[in-house]
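Just below is one structure, and these are the notes that go with it.
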Amino acid sequence: MEVIRLDHVSLWRRTQEEFSYDLKKTLLSVVEGKYRQPARKLVLDNIDLVVEKGEKIGVVGANGSGKSTLLKIISGILKPTSGIVRVRGQVAPLIELGAGFDGEISVLDNILLYGVLLGFSRAEMKARAHSILEFAELEDYVLVPVKGLSSGMVARLGFAIATDVQPDILILDEVLSVGDESFKNKCKQRMDKFWDANATVLVVSHDLEFIQESCDQAIWLSKGKVQLVGNASEAVKYYLESVSSTETISN
């Protein structure tokens, strides 16, 4: 059964220059007749993609190729400039661990809030809170505001929540290296359960060996375009060949 479909999806985003172009500078440049439209960049270019239920798909490509943006589009964090995105099922995105937390409220309240945003009731999340805190090793920080946690603790909390709720679709962006070696092993064991279950998983990782060993298929992105969707080993092979040829040309 089809759970994710992207039809002709493109995304234009403002450059950092435009983000830093404040109102005062804009008005001044208009008055002086020097105003120019800030640059925009095509981040995703006419993407077509179909993902079936239960598939484990890796996303590979160079930095800046659009991998994280693709996951954000699928997760609903970003809206495409054009094209259609259809997603069927409950999605838990682990793209920027802890990005959805409120630093001013407690760890417990953030667990409840995060869960509600994923579509669970407060009662369900209260019932899950103990196991989440235990996995994240934050039992002693229940009432501490999230802003009082280290970045590693926040990452552990985000991973614990998103994987405890057992979503239909799990979106992972370079999050398998959370915490120390002991916690990484816990993460791997939990991820193994997702791989053995019927959950659909999309994962961005620079660990190409992991992609080849763990994923059914892979998507190779380059400059916002899909270069290949196919067998994970094949996609990684062609991606590495492209990197090698680029390095040869530059040398």
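Residue numbering restarts at 1 for every chain of the structure tokens, chains are lettered A, B, ... in their displayed order, and ligands are numbered from 1 as they appear.
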
List every residue of stretch 95-212 of chain A that DSSP, applied to the backbone of this structure, assigns to strand (DSSP E), and report them as an MDAnalysis selection string.
-> chainID A and resid 169:173 200:204

Name all residues at most 9 Å from A:Leu143 (count only C-alpha atoms; drop same-chain ones fewer than 4 positions away) and give them as a PyMOL selection string.
-> chain A and resi 105-109

Please produce a file of those selected residues containing N, CA, C and O atoms, as a PDB file, in the first residue's frame.
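Once everything was written out, this is again-v8.pdb:
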```
ATOM      1  N   ILE A 105       9.295  25.361  29.512  1.00  0.00           N
ATOM      2  CA  ILE A 105       8.472  24.450  30.324  1.00  0.00           C
ATOM      3  C   ILE A 105       9.242  23.169  30.621  1.00  0.00           C
ATOM      4  O   ILE A 105      10.291  22.898  30.034  1.00  0.00           O
ATOM      5  N   SER A 106       8.714  22.375  31.547  1.00  0.00           N
ATOM      6  CA  SER A 106       9.442  21.215  32.062  1.00  0.00           C
ATOM      7  C   SER A 106       9.568  20.100  31.034  1.00  0.00           C
ATOM      8  O   SER A 106       8.865  20.059  30.014  1.00  0.00           O
ATOM      9  N   VAL A 107      10.465  19.186  31.348  1.00  0.00           N
ATOM     10  CA  VAL A 107      10.662  18.003  30.501  1.00  0.00           C
ATOM     11  C   VAL A 107       9.356  17.229  30.367  1.00  0.00           C
ATOM     12  O   VAL A 107       8.965  16.833  29.265  1.00  0.00           O
ATOM     13  N   LEU A 108       8.655  17.027  31.475  1.00  0.00           N
ATOM     14  CA  LEU A 108       7.394  16.283  31.442  1.00  0.00           C
ATOM     15  C   LEU A 108       6.365  16.988  30.558  1.00  0.00           C
ATOM     16  O   LEU A 108       5.711  16.350  29.727  1.00  0.00           O
ATOM     17  N   ASP A 109       6.217  18.292  30.729  1.00  0.00           N
ATOM     18  CA  ASP A 109       5.244  19.031  29.919  1.00  0.00           C
ATOM     19  C   ASP A 109       5.615  18.986  28.432  1.00  0.00           C
ATOM     20  O   ASP A 109       4.734  18.951  27.565  1.00  0.00           O
TER      21      ASP A 109
END
```

Give me the residues within 12 Å of stretch 6-8 of chain A as number ranges by chain, counting only C-alpha atoms and dropping any in the same chain fewer than 6 places off.
-> A: 44-51, 70-71, 73-75, 79-88, 225-226

List as a short mmCIF file (atom, residue, chain, number, x, y, z; two decimals) with all heavy atoms, in the first residue's frame the protein and nucleic acid residues near A:Leu172, meaning an atom at most 12 Å away when only C-alpha atoms are counted, but skip any in the same chain fewer than 4 places from it.
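The resulting result.cif:
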```cif
data_model
loop_
_atom_site.label_atom_id
_atom_site.label_comp_id
_atom_site.auth_asym_id
_atom_site.auth_seq_id
_atom_site.Cartn_x
_atom_site.Cartn_y
_atom_site.Cartn_z
N LYS A 56 11.95 0.47 3.88
CA LYS A 56 13.04 1.15 4.57
C LYS A 56 13.92 1.79 3.50
O LYS A 56 14.59 1.09 2.75
CB LYS A 56 13.85 0.17 5.41
CG LYS A 56 13.02 -0.78 6.30
CD LYS A 56 12.17 -0.03 7.30
CE LYS A 56 11.50 -0.97 8.31
NZ LYS A 56 10.32 -1.69 7.77
N ILE A 57 13.89 3.11 3.43
CA ILE A 57 14.53 3.82 2.32
C ILE A 57 15.59 4.79 2.83
O ILE A 57 15.32 5.62 3.70
CB ILE A 57 13.48 4.57 1.48
CG1 ILE A 57 12.51 3.56 0.86
CG2 ILE A 57 14.16 5.40 0.39
CD1 ILE A 57 11.46 4.18 -0.01
N GLY A 58 16.79 4.68 2.30
CA GLY A 58 17.86 5.61 2.62
C GLY A 58 17.90 6.75 1.62
O GLY A 58 17.48 6.59 0.47
N VAL A 59 18.37 7.90 2.06
CA VAL A 59 18.52 9.06 1.19
C VAL A 59 19.98 9.48 1.24
O VAL A 59 20.50 9.79 2.31
CB VAL A 59 17.61 10.24 1.61
CG1 VAL A 59 17.71 11.37 0.60
CG2 VAL A 59 16.16 9.78 1.77
N LYS A 67 18.59 16.73 0.82
CA LYS A 67 18.14 15.55 1.57
C LYS A 67 17.25 15.93 2.75
O LYS A 67 16.13 15.41 2.89
CB LYS A 67 19.36 14.75 2.08
CG LYS A 67 20.31 14.29 1.00
CD LYS A 67 21.40 13.40 1.54
CE LYS A 67 22.28 14.05 2.59
NZ LYS A 67 23.06 15.20 2.09
N SER A 68 17.75 16.81 3.62
CA SER A 68 16.97 17.21 4.80
C SER A 68 15.70 17.95 4.39
O SER A 68 14.64 17.78 5.02
CB SER A 68 17.81 18.09 5.72
OG SER A 68 18.93 17.38 6.23
N LEU A 70 13.95 17.45 1.70
CA LEU A 70 12.99 16.45 1.25
C LEU A 70 12.25 15.83 2.43
O LEU A 70 11.02 15.68 2.40
CB LEU A 70 13.73 15.35 0.47
CG LEU A 70 12.87 14.18 0.00
CD1 LEU A 70 11.83 14.64 -1.01
CD2 LEU A 70 13.75 13.07 -0.59
N LEU A 71 12.98 15.50 3.49
CA LEU A 71 12.35 14.92 4.68
C LEU A 71 11.40 15.92 5.34
O LEU A 71 10.34 15.53 5.84
CB LEU A 71 13.40 14.45 5.68
CG LEU A 71 14.35 13.34 5.23
CD1 LEU A 71 15.14 12.80 6.43
CD2 LEU A 71 13.61 12.20 4.56
N LYS A 72 11.77 17.19 5.34
CA LYS A 72 10.90 18.21 5.94
C LYS A 72 9.62 18.40 5.13
O LYS A 72 8.56 18.67 5.69
CB LYS A 72 11.66 19.53 6.06
CG LYS A 72 12.74 19.52 7.14
CD LYS A 72 13.51 20.83 7.19
CE LYS A 72 14.58 20.79 8.27
NZ LYS A 72 15.38 22.03 8.33
N ILE A 74 8.15 15.98 3.37
CA ILE A 74 7.34 14.79 3.65
C ILE A 74 6.72 14.88 5.04
O ILE A 74 5.57 14.48 5.25
CB ILE A 74 8.20 13.51 3.52
CG1 ILE A 74 8.61 13.31 2.05
CG2 ILE A 74 7.45 12.28 4.04
CD1 ILE A 74 9.64 12.22 1.85
N SER A 75 7.46 15.45 5.99
CA SER A 75 6.97 15.57 7.38
C SER A 75 5.94 16.68 7.55
O SER A 75 5.28 16.76 8.59
CB SER A 75 8.14 15.84 8.33
OG SER A 75 9.10 14.82 8.25
N VAL A 91 3.11 10.33 11.30
CA VAL A 91 4.52 10.58 11.02
C VAL A 91 5.23 11.10 12.27
O VAL A 91 4.74 12.02 12.93
CB VAL A 91 4.70 11.60 9.89
CG1 VAL A 91 6.18 11.83 9.59
CG2 VAL A 91 3.98 11.13 8.62
N ALA A 92 6.39 10.52 12.58
CA ALA A 92 7.24 11.05 13.65
C ALA A 92 8.56 11.46 13.02
O ALA A 92 9.36 10.61 12.62
CB ALA A 92 7.47 10.02 14.74
N PRO A 93 8.80 12.77 12.89
CA PRO A 93 10.05 13.22 12.29
C PRO A 93 11.15 13.44 13.33
O PRO A 93 10.97 14.16 14.29
CB PRO A 93 9.66 14.54 11.63
CG PRO A 93 8.52 15.06 12.47
CD PRO A 93 7.86 13.87 13.11
N LEU A 94 12.30 12.79 13.12
CA LEU A 94 13.49 13.06 13.94
C LEU A 94 14.48 13.76 13.02
O LEU A 94 15.45 13.17 12.56
CB LEU A 94 14.09 11.77 14.50
CG LEU A 94 13.42 11.20 15.76
CD1 LEU A 94 12.15 10.46 15.38
CD2 LEU A 94 14.36 10.25 16.47
N ILE A 95 14.20 15.01 12.74
CA ILE A 95 15.00 15.76 11.78
C ILE A 95 15.95 16.70 12.51
O ILE A 95 17.15 16.71 12.27
CB ILE A 95 14.09 16.53 10.80
CG1 ILE A 95 13.32 15.50 9.95
CG2 ILE A 95 14.89 17.48 9.92
CD1 ILE A 95 12.33 16.08 9.01
N GLU A 96 15.41 17.49 13.41
CA GLU A 96 16.23 18.32 14.28
C GLU A 96 15.78 17.98 15.69
O GLU A 96 14.79 18.51 16.17
CB GLU A 96 16.04 19.80 13.97
CG GLU A 96 16.50 20.18 12.57
CD GLU A 96 16.10 21.60 12.20
OE1 GLU A 96 15.61 22.32 13.09
OE2 GLU A 96 16.26 21.98 11.05
N LEU A 97 16.48 17.04 16.31
CA LEU A 97 16.02 16.53 17.60
C LEU A 97 15.80 17.65 18.60
O LEU A 97 16.68 18.44 18.87
CB LEU A 97 17.04 15.54 18.16
CG LEU A 97 17.07 14.17 17.48
CD1 LEU A 97 18.13 13.30 18.13
CD2 LEU A 97 15.73 13.49 17.54
N GLY A 158 14.28 13.84 22.56
CA GLY A 158 13.59 13.83 21.28
C GLY A 158 13.55 12.43 20.68
O GLY A 158 12.50 11.98 20.18
N PHE A 159 14.67 11.74 20.72
CA PHE A 159 14.72 10.37 20.18
C PHE A 159 13.79 9.45 20.97
O PHE A 159 13.05 8.64 20.39
CB PHE A 159 16.15 9.85 20.23
CG PHE A 159 16.32 8.49 19.62
CD1 PHE A 159 16.66 8.35 18.29
CD2 PHE A 159 16.14 7.34 20.39
CE1 PHE A 159 16.80 7.09 17.71
CE2 PHE A 159 16.28 6.08 19.83
CZ PHE A 159 16.60 5.96 18.48
N ALA A 162 9.96 10.19 20.06
CA ALA A 162 9.55 9.84 18.70
C ALA A 162 9.57 8.34 18.46
O ALA A 162 8.77 7.82 17.68
CB ALA A 162 10.43 10.55 17.69
N THR A 163 10.47 7.63 19.12
CA THR A 163 10.53 6.18 18.90
C THR A 163 9.63 5.41 19.86
O THR A 163 9.24 4.28 19.58
CB THR A 163 11.97 5.66 19.02
OG1 THR A 163 12.54 6.06 20.28
CG2 THR A 163 12.83 6.20 17.89
N LEU A 176 21.29 8.91 14.32
CA LEU A 176 21.69 7.63 14.90
C LEU A 176 23.00 7.72 15.66
O LEU A 176 23.55 6.73 16.09
CB LEU A 176 21.79 6.57 13.80
CG LEU A 176 20.48 6.33 13.05
CD1 LEU A 176 20.69 5.28 11.97
CD2 LEU A 176 19.37 5.89 13.99
N SER A 177 23.53 8.94 15.83
CA SER A 177 24.78 9.12 16.57
C SER A 177 24.55 9.93 17.84
O SER A 177 25.40 10.66 18.30
CB SER A 177 25.80 9.84 15.69
OG SER A 177 25.30 11.08 15.24
N VAL A 178 23.35 9.79 18.40
CA VAL A 178 22.97 10.54 19.60
C VAL A 178 23.66 9.98 20.84
O VAL A 178 23.63 8.77 21.07
CB VAL A 178 21.44 10.48 19.81
CG1 VAL A 178 21.06 11.09 21.14
CG2 VAL A 178 20.73 11.19 18.67
N MET A 191 16.04 0.92 17.16
CA MET A 191 15.84 1.06 15.72
C MET A 191 15.68 -0.31 15.06
O MET A 191 14.94 -0.45 14.09
CB MET A 191 17.00 1.82 15.09
CG MET A 191 17.06 3.29 15.45
SD MET A 191 15.48 4.13 15.22
CE MET A 191 15.13 3.72 13.53
N PHE A 194 12.15 -1.24 14.81
CA PHE A 194 11.43 -0.59 13.71
C PHE A 194 11.71 -1.31 12.40
O PHE A 194 10.83 -1.47 11.57
CB PHE A 194 11.85 0.88 13.59
CG PHE A 194 11.12 1.79 14.54
CD1 PHE A 194 11.65 2.09 15.78
CD2 PHE A 194 9.90 2.34 14.18
CE1 PHE A 194 10.98 2.91 16.66
CE2 PHE A 194 9.22 3.17 15.06
CZ PHE A 194 9.76 3.47 16.30
N THR A 200 7.18 2.25 8.19
CA THR A 200 7.89 2.78 7.03
C THR A 200 8.97 3.73 7.55
O THR A 200 8.70 4.57 8.40
CB THR A 200 6.92 3.55 6.12
OG1 THR A 200 5.84 2.67 5.76
CG2 THR A 200 7.62 4.05 4.87
N VAL A 201 10.19 3.60 7.05
CA VAL A 201 11.31 4.41 7.55
C VAL A 201 12.02 5.08 6.39
O VAL A 201 12.37 4.42 5.41
CB VAL A 201 12.31 3.56 8.35
CG1 VAL A 201 13.44 4.44 8.89
CG2 VAL A 201 11.63 2.81 9.49
N LEU A 202 12.22 6.39 6.51
CA LEU A 202 13.08 7.14 5.59
C LEU A 202 14.24 7.69 6.42
O LEU A 202 14.01 8.34 7.45
CB LEU A 202 12.34 8.30 4.93
CG LEU A 202 11.57 7.96 3.64
CD1 LEU A 202 10.27 7.26 3.99
CD2 LEU A 202 11.28 9.23 2.85
N VAL A 203 15.46 7.44 5.97
CA VAL A 203 16.62 7.85 6.77
C VAL A 203 17.68 8.52 5.90
O VAL A 203 18.06 8.00 4.85
CB VAL A 203 17.21 6.63 7.52
CG1 VAL A 203 17.55 5.49 6.57
CG2 VAL A 203 18.45 7.02 8.32
N VAL A 204 18.11 9.69 6.34
CA VAL A 204 19.26 10.37 5.74
C VAL A 204 20.47 10.04 6.60
O VAL A 204 20.43 10.20 7.82
CB VAL A 204 19.06 11.90 5.70
CG1 VAL A 204 20.38 12.61 5.47
CG2 VAL A 204 18.07 12.29 4.62
N SER A 205 21.53 9.57 5.97
CA SER A 205 22.74 9.26 6.73
C SER A 205 23.95 9.30 5.81
O SER A 205 23.89 8.89 4.65
CB SER A 205 22.62 7.88 7.39
OG SER A 205 23.80 7.57 8.09
#
```

Select from stretch 36-247 of chain A everything DSSP, run on the backbone, classes as helix (DSSP H, G or I), then give the selection as a PyMOL selection string.
-> chain A and resi 67-75+107-117+122-136+139-141+146-148+151-164+181-196+208-214+232-247

Show which residues sit within 12 Å of A:Lys237, as JSON, numbers by chain. Count only C-alpha atoms, and ignore same-chain residues fewer than 2 positions away.
-> {"A": [60, 61, 208, 209, 211, 212, 218, 219, 220, 228, 230, 231, 232, 233, 234, 235, 239, 240, 241, 242, 243, 244]}

If we count only C-alpha atoms, what is near stretch 129-141 of chain A at a cut-off of 10 Å, once residues fewer than 2 positions away on the same chain are taken out, given as a ChimeraX atom specification?
-> /A:106-109,111-112,115,123-127,143-146,148-149,153-165,179,183,186-187

Grab the atom CA of A:Leu78 to atom CA of A:Ser65 distance for me, in Å with one decimal place.
->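 Between atom CA of A:Leu78 and atom CA of A:Ser65 the gap is 16.2 Å.
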
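Minimum distance to A:Ser151 across A:Ser245, A:Gly103, A:Gln227, A:Arg122 (counting only C-alpha atoms) occurs at A:Gly103.
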
Could you tell me how far atom CA of A:Glu213 lies from atom CA of A:Met1, in Å and to one decimal?
->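 Separation of atom CA of A:Glu213 and atom CA of A:Met1: 23.7 Å.
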
Length of the atom CA of A:Ala199 to atom CA of A:Gln166 vector [Å] | 8.0 Å
